[in-house]
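Asker: One structure coming up, written as structure tokens, with questions to follow.
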Amino acid sequence: MKRTARLLASGVVTGLGGGLASLGGGTILIPLLTEWLDMSQLEARGTAMATSGFTALSGALSYGLHGSVDWRTLVWTGLPALICAPVAARISRAWPQALLRRTFGVVVLLGALTLLLKGTVGGGFADTWPLAWLALVGVIAGSVAGIVGVSGGPVLAPLFVLGLGMPQALAQGSSLLARLPAIAGGVAENAREKAVDWHSLPLLATGVVAGTVIGSLLALHLPERGLHWLFAALLVALGLHELGNRPLHRHIEHRPHGSYP
């Protein structure tokens with residue numbers, strides 16, 4: 001019962017982060033799975049990626065119904081990410097857990113820095129070559145998703161804002177849509193490595209869908225400036241948290257899904 005409650009709560013928190021600030025599947029859920037549910041970093045990565053499919057789909061639908069999605073991102077960003085995510089996951093599968101966690105923290109902090117740079121380096125500098133920029137973002141996001149299990153919040157949304165000058169809500173809605181192909185590729189690779197806890201997925205998904213719908217509706221009614229700074233602040237806090245935490249010694253690098261103490 002305790003584990004069931006934790007899984008549902010983790011799903012709701014993840015969904016709220018995904019809908020409100022495009023922070024969901026990996027950015028919020030991976031720390032919850034490793035510290036609250038005692039998963040290894042590798043299994044948390046795979047399980048979070050599988051769960052993020054529900055965050056992305058429900059969030060993209062919510063934003064799309066309100067016209068806050070750039071549909072070009074599904075193809076021009078999503079397809080390069082789909083190709084890169086499984087390759088990166090395969091390359092990084094033997095990395096030490098501490099390295100995966102620190103890489104995760106660095107990625108999140110870089111996402112915050114990218115957001116904070118908006119307005120100082122000319123947001124929208126790629127307006128004259130938007131499709132090439134979207135494809136480049138897809139390569140970056142797919143690689144990051146494969147290695148650490150996150151892409152949308154810390155990578156896609158900030159780069160959409162910085163390169164194309166998208167409003168924050170549009171960038172968040174588009175990032176939820178664009179990450180779907182990378183999620184599919186990453187989940188397939190992690191499942192092949194038996195690094196997805198399928199038993200926990202239904203409870204996580206139930207919480208995620210409810211939280212995402214609520215978070216998306218809240219985000220669409222928040223002022224642009226407030227949403228922008230909230231997003232950056234959350235990224236900084238999460239990144240510093242991951243860099244400052246040492247993996248627990250009881251975690252192992254790989255454990256068959258469903259087997260917990």
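Following the order of the structure tokens, chains are lettered A, B, ..., residues in each are numbered from 1, and ligands are numbered from 1.
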Residues within 10 Å of A:Leu234, please, as a PyMOL selection string. Count only C-alpha atoms; anything in the same chain fewer than 2 positions from it doesn't count.
Answerer: chain A and resi 17+21+23+27-28+108-109+112+229-232+236-239
Asker: Dump N, CA and C atoms for the selected residues as a PDB file, in the first residue's frame?
Answerer:
ATOM      1  N   GLY A  17       4.388  18.840 -13.075  1.00  0.00           N
ATOM      2  CA  GLY A  17       5.600  19.459 -13.608  1.00  0.00           C
ATOM      3  C   GLY A  17       5.608  19.462 -15.118  1.00  0.00           C
ATOM      4  N   ALA A  21       5.259  23.239 -16.371  1.00  0.00           N
ATOM      5  CA  ALA A  21       6.551  23.812 -16.763  1.00  0.00           C
ATOM      6  C   ALA A  21       7.321  22.922 -17.726  1.00  0.00           C
ATOM      7  N   LEU A  23       8.341  20.124 -17.344  1.00  0.00           N
ATOM      8  CA  LEU A  23       9.284  19.299 -16.597  1.00  0.00           C
ATOM      9  C   LEU A  23       8.522  18.076 -16.113  1.00  0.00           C
ATOM     10  N   THR A  27      13.010  14.741 -15.717  1.00  0.00           N
ATOM     11  CA  THR A  27      13.537  15.787 -14.856  1.00  0.00           C
ATOM     12  C   THR A  27      13.044  15.675 -13.424  1.00  0.00           C
ATOM     13  N   ILE A  28      11.776  15.417 -13.250  1.00  0.00           N
ATOM     14  CA  ILE A  28      11.205  15.292 -11.913  1.00  0.00           C
ATOM     15  C   ILE A  28      11.137  13.840 -11.469  1.00  0.00           C
ATOM     16  N   VAL A 108      20.334  19.625 -16.744  1.00  0.00           N
ATOM     17  CA  VAL A 108      19.264  20.455 -16.195  1.00  0.00           C
ATOM     18  C   VAL A 108      19.744  21.890 -15.977  1.00  0.00           C
ATOM     19  N   LEU A 109      20.957  22.050 -15.457  1.00  0.00           N
ATOM     20  CA  LEU A 109      21.495  23.402 -15.237  1.00  0.00           C
ATOM     21  C   LEU A 109      21.745  24.127 -16.560  1.00  0.00           C
ATOM     22  N   ALA A 112      18.552  25.601 -17.707  1.00  0.00           N
ATOM     23  CA  ALA A 112      18.240  26.848 -16.998  1.00  0.00           C
ATOM     24  C   ALA A 112      19.057  28.006 -17.547  1.00  0.00           C
ATOM     25  N   TRP A 229      10.293  32.554 -15.522  1.00  0.00           N
ATOM     26  CA  TRP A 229      11.182  32.544 -14.359  1.00  0.00           C
ATOM     27  C   TRP A 229      10.911  31.346 -13.439  1.00  0.00           C
ATOM     28  N   LEU A 230       9.671  30.928 -13.349  1.00  0.00           N
ATOM     29  CA  LEU A 230       9.353  29.723 -12.580  1.00  0.00           C
ATOM     30  C   LEU A 230      10.055  28.512 -13.175  1.00  0.00           C
ATOM     31  N   PHE A 231      10.011  28.407 -14.481  1.00  0.00           N
ATOM     32  CA  PHE A 231      10.640  27.309 -15.196  1.00  0.00           C
ATOM     33  C   PHE A 231      12.144  27.290 -14.943  1.00  0.00           C
ATOM     34  N   ALA A 232      12.797  28.455 -15.085  1.00  0.00           N
ATOM     35  CA  ALA A 232      14.239  28.535 -14.877  1.00  0.00           C
ATOM     36  C   ALA A 232      14.609  28.203 -13.429  1.00  0.00           C
ATOM     37  N   VAL A 236      17.143  25.151 -12.053  1.00  0.00           N
ATOM     38  CA  VAL A 236      18.323  25.380 -11.219  1.00  0.00           C
ATOM     39  C   VAL A 236      18.258  24.534  -9.953  1.00  0.00           C
ATOM     40  N   ALA A 237      17.101  24.525  -9.296  1.00  0.00           N
ATOM     41  CA  ALA A 237      16.955  23.761  -8.058  1.00  0.00           C
ATOM     42  C   ALA A 237      17.170  22.269  -8.298  1.00  0.00           C
ATOM     43  N   LEU A 238      16.597  21.744  -9.357  1.00  0.00           N
ATOM     44  CA  LEU A 238      16.730  20.323  -9.654  1.00  0.00           C
ATOM     45  C   LEU A 238      18.162  19.959 -10.030  1.00  0.00           C
ATOM     46  N   GLY A 239      18.793  20.820 -10.836  1.00  0.00           N
ATOM     47  CA  GLY A 239      20.170  20.548 -11.240  1.00  0.00           C
ATOM     48  C   GLY A 239      21.130  20.531 -10.067  1.00  0.00           C
TER      49      GLY A 239
END
Asker: For A:Leu110, work out the shell of residues within 12 Å, counting only C-alpha atoms and skipping chain neighbours fewer than 4 positions away, then give it as a list of chain:residue names.
Answerer: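 Neighbouring residues, sequence-local ones excluded: A:Thr103, A:Phe104, A:Gly105, A:Val106, A:Thr114, A:Leu115, A:Leu116, A:Leu117, A:Val144, A:Ser151, A:Gly153, A:Pro154, A:Val155, A:Leu156, A:Pro158, A:Leu159, A:Ala232, A:Leu235, A:Val236, A:Leu238, A:Gly239, A:Leu240.
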Asker: Determine, counting only C-alpha atoms, which protein, DNA and RNA residues have an atom within 12 Å of an atom of A:Ser10; residues of the same chain fewer than 3 positions away are not included. Present the result as number ranges by chain.
Answerer: A: 3-7, 13-17, 24-26, 28-37, 48, 51, 200-201, 203-211
Asker: What does the file look like for those residues with C-alpha atoms, as a PDB file, in the first residue's frame?
Answerer:
ATOM      1  CA  ARG A   3       4.542   1.747  -2.461  1.00  0.00           C
ATOM      2  CA  THR A   4       1.240   2.151  -4.342  1.00  0.00           C
ATOM      3  CA  ALA A   5       0.654   5.551  -2.733  1.00  0.00           C
ATOM      4  CA  ARG A   6       4.185   6.643  -3.565  1.00  0.00           C
ATOM      5  CA  LEU A   7       3.834   5.607  -7.187  1.00  0.00           C
ATOM      6  CA  VAL A  13       3.831  15.434  -9.176  1.00  0.00           C
ATOM      7  CA  THR A  14       5.475  14.460 -12.452  1.00  0.00           C
ATOM      8  CA  GLY A  15       2.328  15.275 -14.411  1.00  0.00           C
ATOM      9  CA  LEU A  16       1.982  18.672 -12.744  1.00  0.00           C
ATOM     10  CA  GLY A  17       5.600  19.459 -13.608  1.00  0.00           C
ATOM     11  CA  GLY A  24       8.043  15.784 -16.274  1.00  0.00           C
ATOM     12  CA  GLY A  25       9.167  12.358 -17.344  1.00  0.00           C
ATOM     13  CA  GLY A  26      12.838  12.468 -16.504  1.00  0.00           C
ATOM     14  CA  ILE A  28      11.205  15.292 -11.913  1.00  0.00           C
ATOM     15  CA  LEU A  29      10.476  11.584 -11.969  1.00  0.00           C
ATOM     16  CA  ILE A  30      14.036  10.221 -12.046  1.00  0.00           C
ATOM     17  CA  PRO A  31      14.956  11.769  -8.649  1.00  0.00           C
ATOM     18  CA  LEU A  32      11.657  10.493  -7.198  1.00  0.00           C
ATOM     19  CA  LEU A  33      12.269   6.958  -8.467  1.00  0.00           C
ATOM     20  CA  THR A  34      15.866   6.779  -7.237  1.00  0.00           C
ATOM     21  CA  GLU A  35      15.367   8.373  -3.821  1.00  0.00           C
ATOM     22  CA  TRP A  36      11.757   7.582  -2.925  1.00  0.00           C
ATOM     23  CA  LEU A  37      11.261   4.228  -4.646  1.00  0.00           C
ATOM     24  CA  ALA A  48      10.813   7.530 -16.389  1.00  0.00           C
ATOM     25  CA  THR A  51       6.133   7.193 -18.098  1.00  0.00           C
ATOM     26  CA  SER A 200       4.981   0.336 -11.734  1.00  0.00           C
ATOM     27  CA  LEU A 201       3.947   1.954 -15.009  1.00  0.00           C
ATOM     28  CA  LEU A 203       0.094   3.594 -11.328  1.00  0.00           C
ATOM     29  CA  LEU A 204       2.629   6.161 -12.486  1.00  0.00           C
ATOM     30  CA  ALA A 205       0.678   6.758 -15.700  1.00  0.00           C
ATOM     31  CA  THR A 206      -2.617   7.234 -13.852  1.00  0.00           C
ATOM     32  CA  GLY A 207      -1.124   9.962 -11.680  1.00  0.00           C
ATOM     33  CA  VAL A 208       0.726  11.512 -14.610  1.00  0.00           C
ATOM     34  CA  VAL A 209      -2.338  11.983 -16.820  1.00  0.00           C
ATOM     35  CA  ALA A 210      -4.327  13.663 -14.030  1.00  0.00           C
ATOM     36  CA  GLY A 211      -1.433  15.916 -13.031  1.00  0.00           C
TER      37      GLY A 211
END
Asker: Which residue, A:Leu164, A:Met1, A:Leu42, A:Leu222, has the smallest gap to A:Trp133 when you use only C-alpha atoms?
Answerer: A:Leu164
Asker: Find the residues around A:Thr77 up to 7 Å (only C-alpha atoms counted), leave out those fewer than 5 positions away in its own chain, and share them as a short mmCIF file (atom, residue, chain, number, x, y, z; two decimals) with N, CA, C and O atoms, in the first residue's frame.
Answerer:
data_model
loop_
_atom_site.label_atom_id
_atom_site.label_comp_id
_atom_site.auth_asym_id
_atom_site.auth_seq_id
_atom_site.Cartn_x
_atom_site.Cartn_y
_atom_site.Cartn_z
N LEU A 134 15.43 23.36 -35.86
CA LEU A 134 14.60 22.33 -35.26
C LEU A 134 15.26 20.95 -35.38
O LEU A 134 15.22 20.15 -34.44
N ALA A 135 15.89 20.68 -36.52
CA ALA A 135 16.57 19.40 -36.70
C ALA A 135 17.78 19.27 -35.78
O ALA A 135 18.02 18.21 -35.19
N VAL A 137 18.20 20.79 -32.92
CA VAL A 137 17.65 20.60 -31.57
C VAL A 137 17.24 19.14 -31.37
O VAL A 137 17.45 18.57 -30.29
N GLY A 138 16.70 18.52 -32.41
CA GLY A 138 16.32 17.12 -32.32
C GLY A 138 17.50 16.20 -32.07
O GLY A 138 17.42 15.26 -31.27
N ALA A 178 7.18 17.25 -29.48
CA ALA A 178 8.39 16.86 -30.20
C ALA A 178 9.15 15.72 -29.55
O ALA A 178 9.92 15.01 -30.20
#
Asker: For A:Ser58, which of A:Pro86, A:Gly46, A:Gly215, A:Pro223 is the closest residue, counting only C-alpha atoms?
Answerer: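 The shortest atom-to-atom distance to A:Ser58 comes from A:Gly215.
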